[in-house]
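Written below as structure tokens is the structure these notes are about.
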Amino acid sequence: MLPALVIIAQKGFQDHEYEGTVNGLSAAGFPIVIGSTSVGPCIGKFGMHLDAQVALSDINIADYDRVAFIGGPGAHALKDDKEAHRIAKDTLNAGKILGAICIAPTILARAGVLNGKQATVWNK
């Protein structure tokens, strides 16, 4: 089984959204790979410390089963990120599952992958 890719911001990802997403994916049997702008330390909005294992620029969607973008105030830094947009487009073009939570659907919208689709996003 290919791993699930969970993309978080280097600073300010939403800890609870990360936990819920990873718990669900892990319970379904998916190994988890954490991606972010660069490899290394990431800090959640509520203080969670994680290490990104792969930089967005190094992600080849063929290596993953599905992709989830995690929200939180740090997700704003990814909404205009060209690599995040490439990953979203590549995921859909490969026919793989793509998800985003909280404010992270703005990343998908800016990537143009929500055209013609309905989405819910946190608006604050």
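Residues are referred to by chain and number: the chain letter is A, B, ... according to the order shown in the structure tokens, the number counts from 1 in that chain, and ligands are numbered separately from 1 in the order shown.
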
**Request:** Show which residues sit within 12 Å of stretch 41-47 of chain A, as a PyMOL selection string. Count only C-alpha atoms, and ignore same-chain residues fewer than 6 positions away.
**Result:** chain A and resi 7-19+34-35+53-55+70-75

With N, CA, C and O atoms retained, export the selected residues as a compact mmCIF listing (two decimals), in the first residue's frame.
```txt
# COMPACT_ATOMS: atom_id res chain seq x y z
N ILE A 7 0.07 17.16 4.07
CA ILE A 7 0.84 18.39 3.89
C ILE A 7 0.43 19.40 4.95
O ILE A 7 -0.75 19.70 5.13
N ILE A 8 1.46 19.91 5.65
CA ILE A 8 1.25 20.90 6.71
C ILE A 8 2.14 22.11 6.46
O ILE A 8 3.13 22.04 5.74
N ALA A 9 1.78 23.22 7.08
CA ALA A 9 2.61 24.42 7.05
C ALA A 9 3.78 24.24 8.01
O ALA A 9 3.67 23.52 9.01
N GLN A 10 4.90 24.89 7.71
CA GLN A 10 6.06 24.83 8.61
C GLN A 10 5.71 25.40 9.98
O GLN A 10 6.19 24.91 10.99
N LYS A 11 4.85 26.42 9.98
CA LYS A 11 4.48 27.06 11.24
C LYS A 11 2.99 27.37 11.21
O LYS A 11 2.51 27.99 10.27
N GLY A 12 2.27 26.88 12.22
CA GLY A 12 0.87 27.24 12.36
C GLY A 12 -0.12 26.28 11.75
O GLY A 12 -1.27 26.65 11.54
N PHE A 13 0.28 25.02 11.50
CA PHE A 13 -0.73 24.05 11.06
C PHE A 13 -1.66 23.77 12.24
O PHE A 13 -1.29 23.98 13.39
N GLN A 14 -2.86 23.30 11.96
CA GLN A 14 -3.84 23.04 13.02
C GLN A 14 -3.60 21.63 13.58
O GLN A 14 -3.84 20.64 12.91
N ASP A 15 -3.12 21.58 14.81
CA ASP A 15 -2.73 20.34 15.46
C ASP A 15 -3.86 19.29 15.46
O ASP A 15 -3.63 18.13 15.14
N HIS A 16 -5.07 19.72 15.83
CA HIS A 16 -6.20 18.79 15.95
C HIS A 16 -6.62 18.24 14.59
O HIS A 16 -6.99 17.07 14.48
N GLU A 17 -6.56 19.09 13.59
CA GLU A 17 -6.90 18.62 12.24
C GLU A 17 -5.87 17.61 11.75
O GLU A 17 -6.21 16.63 11.10
N TYR A 18 -4.62 17.86 12.06
CA TYR A 18 -3.55 16.92 11.70
C TYR A 18 -3.82 15.57 12.39
O TYR A 18 -3.82 14.52 11.75
N GLU A 19 -4.04 15.62 13.70
CA GLU A 19 -4.26 14.38 14.47
C GLU A 19 -5.45 13.59 13.94
O GLU A 19 -5.38 12.38 13.76
N ILE A 34 4.80 13.03 5.96
CA ILE A 34 4.50 14.45 6.19
C ILE A 34 5.31 15.28 5.21
O ILE A 34 6.53 15.16 5.13
N GLY A 35 4.59 16.16 4.49
CA GLY A 35 5.24 17.09 3.58
C GLY A 35 5.03 18.52 4.03
O GLY A 35 4.03 18.84 4.67
N GLN A 53 9.02 15.17 6.36
CA GLN A 53 9.94 14.20 5.79
C GLN A 53 10.28 14.50 4.34
O GLN A 53 11.27 13.99 3.82
N VAL A 54 9.45 15.30 3.69
CA VAL A 54 9.66 15.61 2.28
C VAL A 54 9.26 17.06 2.00
O VAL A 54 8.28 17.55 2.56
N ALA A 55 10.07 17.72 1.18
CA ALA A 55 9.76 19.09 0.75
C ALA A 55 8.77 19.04 -0.41
O ALA A 55 8.82 18.12 -1.23
N ILE A 70 -3.66 20.09 5.40
CA ILE A 70 -4.16 20.43 6.74
C ILE A 70 -4.26 21.94 6.88
O ILE A 70 -3.38 22.68 6.43
N GLY A 71 -5.32 22.40 7.53
CA GLY A 71 -5.54 23.83 7.71
C GLY A 71 -4.78 24.42 8.88
O GLY A 71 -3.77 23.90 9.32
N GLY A 72 -5.32 25.50 9.39
CA GLY A 72 -4.67 26.28 10.43
C GLY A 72 -4.16 27.57 9.85
O GLY A 72 -4.09 27.73 8.62
N PRO A 73 -3.78 28.53 10.70
CA PRO A 73 -3.35 29.83 10.19
C PRO A 73 -2.14 29.74 9.26
O PRO A 73 -1.99 30.55 8.35
N GLY A 74 -1.30 28.74 9.43
CA GLY A 74 -0.13 28.59 8.58
C GLY A 74 -0.46 28.19 7.15
O GLY A 74 0.34 28.39 6.24
N ALA A 75 -1.66 27.63 6.95
CA ALA A 75 -2.06 27.21 5.60
C ALA A 75 -2.14 28.39 4.64
O ALA A 75 -2.03 28.20 3.42
```

**Request:** Please run DSSP on the backbone and report, as number ranges by chain, all residues within chain A that come out as strand (DSSP E).
**Result:** A: 4-7, 11-13, 32-36, 40-44, 49-52, 54-55, 66-69, 97-100

Run DSSP on the backbone and give me the residues of chain A it puts in alpha helix (DSSP H), as an mmCIF file with N, CA and C atoms, in the first residue's frame.
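Output file out-v6.cif is given in full below:
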```cif
data_model
loop_
_atom_site.group_PDB
_atom_site.id
_atom_site.type_symbol
_atom_site.label_atom_id
_atom_site.label_comp_id
_atom_site.auth_asym_id
_atom_site.auth_seq_id
_atom_site.Cartn_x
_atom_site.Cartn_y
_atom_site.Cartn_z
ATOM 1 N N ASP A 15 -3.122 21.582 14.805
ATOM 2 C CA ASP A 15 -2.730 20.335 15.462
ATOM 3 C C ASP A 15 -3.858 19.293 15.461
ATOM 4 N N HIS A 16 -5.069 19.721 15.832
ATOM 5 C CA HIS A 16 -6.195 18.791 15.955
ATOM 6 C C HIS A 16 -6.618 18.244 14.594
ATOM 7 N N GLU A 17 -6.562 19.088 13.590
ATOM 8 C CA GLU A 17 -6.898 18.620 12.239
ATOM 9 C C GLU A 17 -5.867 17.612 11.749
ATOM 10 N N TYR A 18 -4.616 17.862 12.059
ATOM 11 C CA TYR A 18 -3.554 16.916 11.700
ATOM 12 C C TYR A 18 -3.818 15.573 12.387
ATOM 13 N N GLU A 19 -4.041 15.622 13.703
ATOM 14 C CA GLU A 19 -4.260 14.380 14.466
ATOM 15 C C GLU A 19 -5.453 13.594 13.939
ATOM 16 N N GLY A 20 -6.572 14.268 13.723
ATOM 17 C CA GLY A 20 -7.767 13.583 13.241
ATOM 18 C C GLY A 20 -7.553 12.947 11.876
ATOM 19 N N THR A 21 -6.912 13.677 10.983
ATOM 20 C CA THR A 21 -6.655 13.163 9.641
ATOM 21 C C THR A 21 -5.713 11.975 9.690
ATOM 22 N N VAL A 22 -4.624 12.107 10.416
ATOM 23 C CA VAL A 22 -3.638 11.031 10.506
ATOM 24 C C VAL A 22 -4.224 9.811 11.217
ATOM 25 N N ASN A 23 -5.009 10.034 12.255
ATOM 26 C CA ASN A 23 -5.630 8.898 12.953
ATOM 27 C C ASN A 23 -6.551 8.120 12.024
ATOM 28 N N GLY A 24 -7.348 8.833 11.233
ATOM 29 C CA GLY A 24 -8.250 8.173 10.289
ATOM 30 C C GLY A 24 -7.497 7.423 9.207
ATOM 31 N N LEU A 25 -6.480 8.058 8.637
ATOM 32 C CA LEU A 25 -5.693 7.409 7.591
ATOM 33 C C LEU A 25 -4.932 6.201 8.135
ATOM 34 N N SER A 26 -4.365 6.340 9.320
ATOM 35 C CA SER A 26 -3.630 5.229 9.941
ATOM 36 C C SER A 26 -4.560 4.069 10.264
ATOM 37 N N ALA A 27 -5.751 4.381 10.763
ATOM 38 C CA ALA A 27 -6.729 3.333 11.074
ATOM 39 C C ALA A 27 -7.135 2.572 9.814
ATOM 40 N N LYS A 82 3.301 27.619 -5.542
ATOM 41 C CA LYS A 82 3.253 26.924 -6.834
ATOM 42 C C LYS A 82 3.442 25.415 -6.694
ATOM 43 N N GLU A 83 4.247 24.993 -5.744
ATOM 44 C CA GLU A 83 4.452 23.554 -5.544
ATOM 45 C C GLU A 83 3.208 22.902 -4.950
ATOM 46 N N ALA A 84 2.546 23.586 -4.028
ATOM 47 C CA ALA A 84 1.288 23.064 -3.478
ATOM 48 C C ALA A 84 0.251 22.938 -4.587
ATOM 49 N N HIS A 85 0.200 23.927 -5.465
ATOM 50 C CA HIS A 85 -0.735 23.889 -6.597
ATOM 51 C C HIS A 85 -0.400 22.722 -7.526
ATOM 52 N N ARG A 86 0.887 22.519 -7.810
ATOM 53 C CA ARG A 86 1.298 21.414 -8.673
ATOM 54 C C ARG A 86 0.867 20.079 -8.073
ATOM 55 N N ILE A 87 1.075 19.927 -6.781
ATOM 56 C CA ILE A 87 0.715 18.676 -6.107
ATOM 57 C C ILE A 87 -0.787 18.434 -6.194
ATOM 58 N N ALA A 88 -1.584 19.471 -5.944
ATOM 59 C CA ALA A 88 -3.045 19.328 -6.034
ATOM 60 C C ALA A 88 -3.458 18.908 -7.441
ATOM 61 N N LYS A 89 -2.913 19.574 -8.448
ATOM 62 C CA LYS A 89 -3.245 19.241 -9.839
ATOM 63 C C LYS A 89 -2.780 17.837 -10.205
ATOM 64 N N ASP A 90 -1.552 17.495 -9.824
ATOM 65 C CA ASP A 90 -1.018 16.167 -10.134
ATOM 66 C C ASP A 90 -1.834 15.062 -9.470
ATOM 67 N N THR A 91 -2.309 15.323 -8.255
ATOM 68 C CA THR A 91 -3.108 14.330 -7.533
ATOM 69 C C THR A 91 -4.393 14.029 -8.302
ATOM 70 N N LEU A 92 -5.098 15.058 -8.710
ATOM 71 C CA LEU A 92 -6.343 14.852 -9.461
ATOM 72 C C LEU A 92 -6.082 14.268 -10.841
ATOM 73 N N ASN A 93 -5.049 14.738 -11.507
ATOM 74 C CA ASN A 93 -4.725 14.222 -12.840
ATOM 75 C C ASN A 93 -4.369 12.744 -12.801
ATOM 76 N N PRO A 105 -8.815 24.325 1.874
ATOM 77 C CA PRO A 105 -9.421 24.308 0.542
ATOM 78 C C PRO A 105 -9.101 25.552 -0.289
ATOM 79 N N THR A 106 -8.674 26.651 0.357
ATOM 80 C CA THR A 106 -8.264 27.822 -0.422
ATOM 81 C C THR A 106 -7.040 27.496 -1.281
ATOM 82 N N ILE A 107 -6.203 26.578 -0.829
ATOM 83 C CA ILE A 107 -5.053 26.131 -1.614
ATOM 84 C C ILE A 107 -5.558 25.450 -2.884
ATOM 85 N N LEU A 108 -6.539 24.578 -2.715
ATOM 86 C CA LEU A 108 -7.111 23.865 -3.858
ATOM 87 C C LEU A 108 -7.809 24.828 -4.811
ATOM 88 N N ALA A 109 -8.518 25.803 -4.244
ATOM 89 C CA ALA A 109 -9.215 26.781 -5.085
ATOM 90 C C ALA A 109 -8.216 27.582 -5.909
ATOM 91 N N ARG A 110 -7.152 28.043 -5.288
ATOM 92 C CA ARG A 110 -6.138 28.829 -5.997
ATOM 93 C C ARG A 110 -5.407 27.984 -7.040
ATOM 94 N N ALA A 111 -5.352 26.664 -6.808
ATOM 95 C CA ALA A 111 -4.730 25.760 -7.778
ATOM 96 C C ALA A 111 -5.654 25.510 -8.965
#
```

**Request:** To one decimal in Å, tell me the separation between atom CA of A:Val39 and atom CA of A:Ala52.
**Result:**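 Atom CA of A:Ala52 lies 4.9 Å from atom CA of A:Val39.
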
**Message:** Using only C-alpha atoms for the distances, tell me which of A:Lys96, A:Thr37, A:Gly29, A:Asn123 is nearest to A:Asp51.
**Reply:**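 That would be A:Thr37, the residue with the smallest distance to A:Asp51.
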
**Prompt:** Quick one: residues within 6 Å of A:Asp65, only C-alpha atoms counted, chain neighbours fewer than 4 positions away excluded, as a PyMOL selection string?
**Reply:** chain A and resi 2-4

**Request:** Please provide as a list in words all residues within 7 Å of A:Phe69, with the sequence filter that same-chain residues fewer than 5 positions apart are discarded (counting only C-alpha atoms).
**Result:** Val6, Ile7, Ile8, Gly99, Ala100, Ile101 and Ala104 of chain A

**Message:** Under the rule that only C-alpha atoms are counted, which of A:Leu114, A:Ile103, A:Leu5, A:Val121 is the nearest residue to A:Ile61?
**Reply:**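 Closest to A:Ile61, using only C-alpha atoms: A:Leu5.
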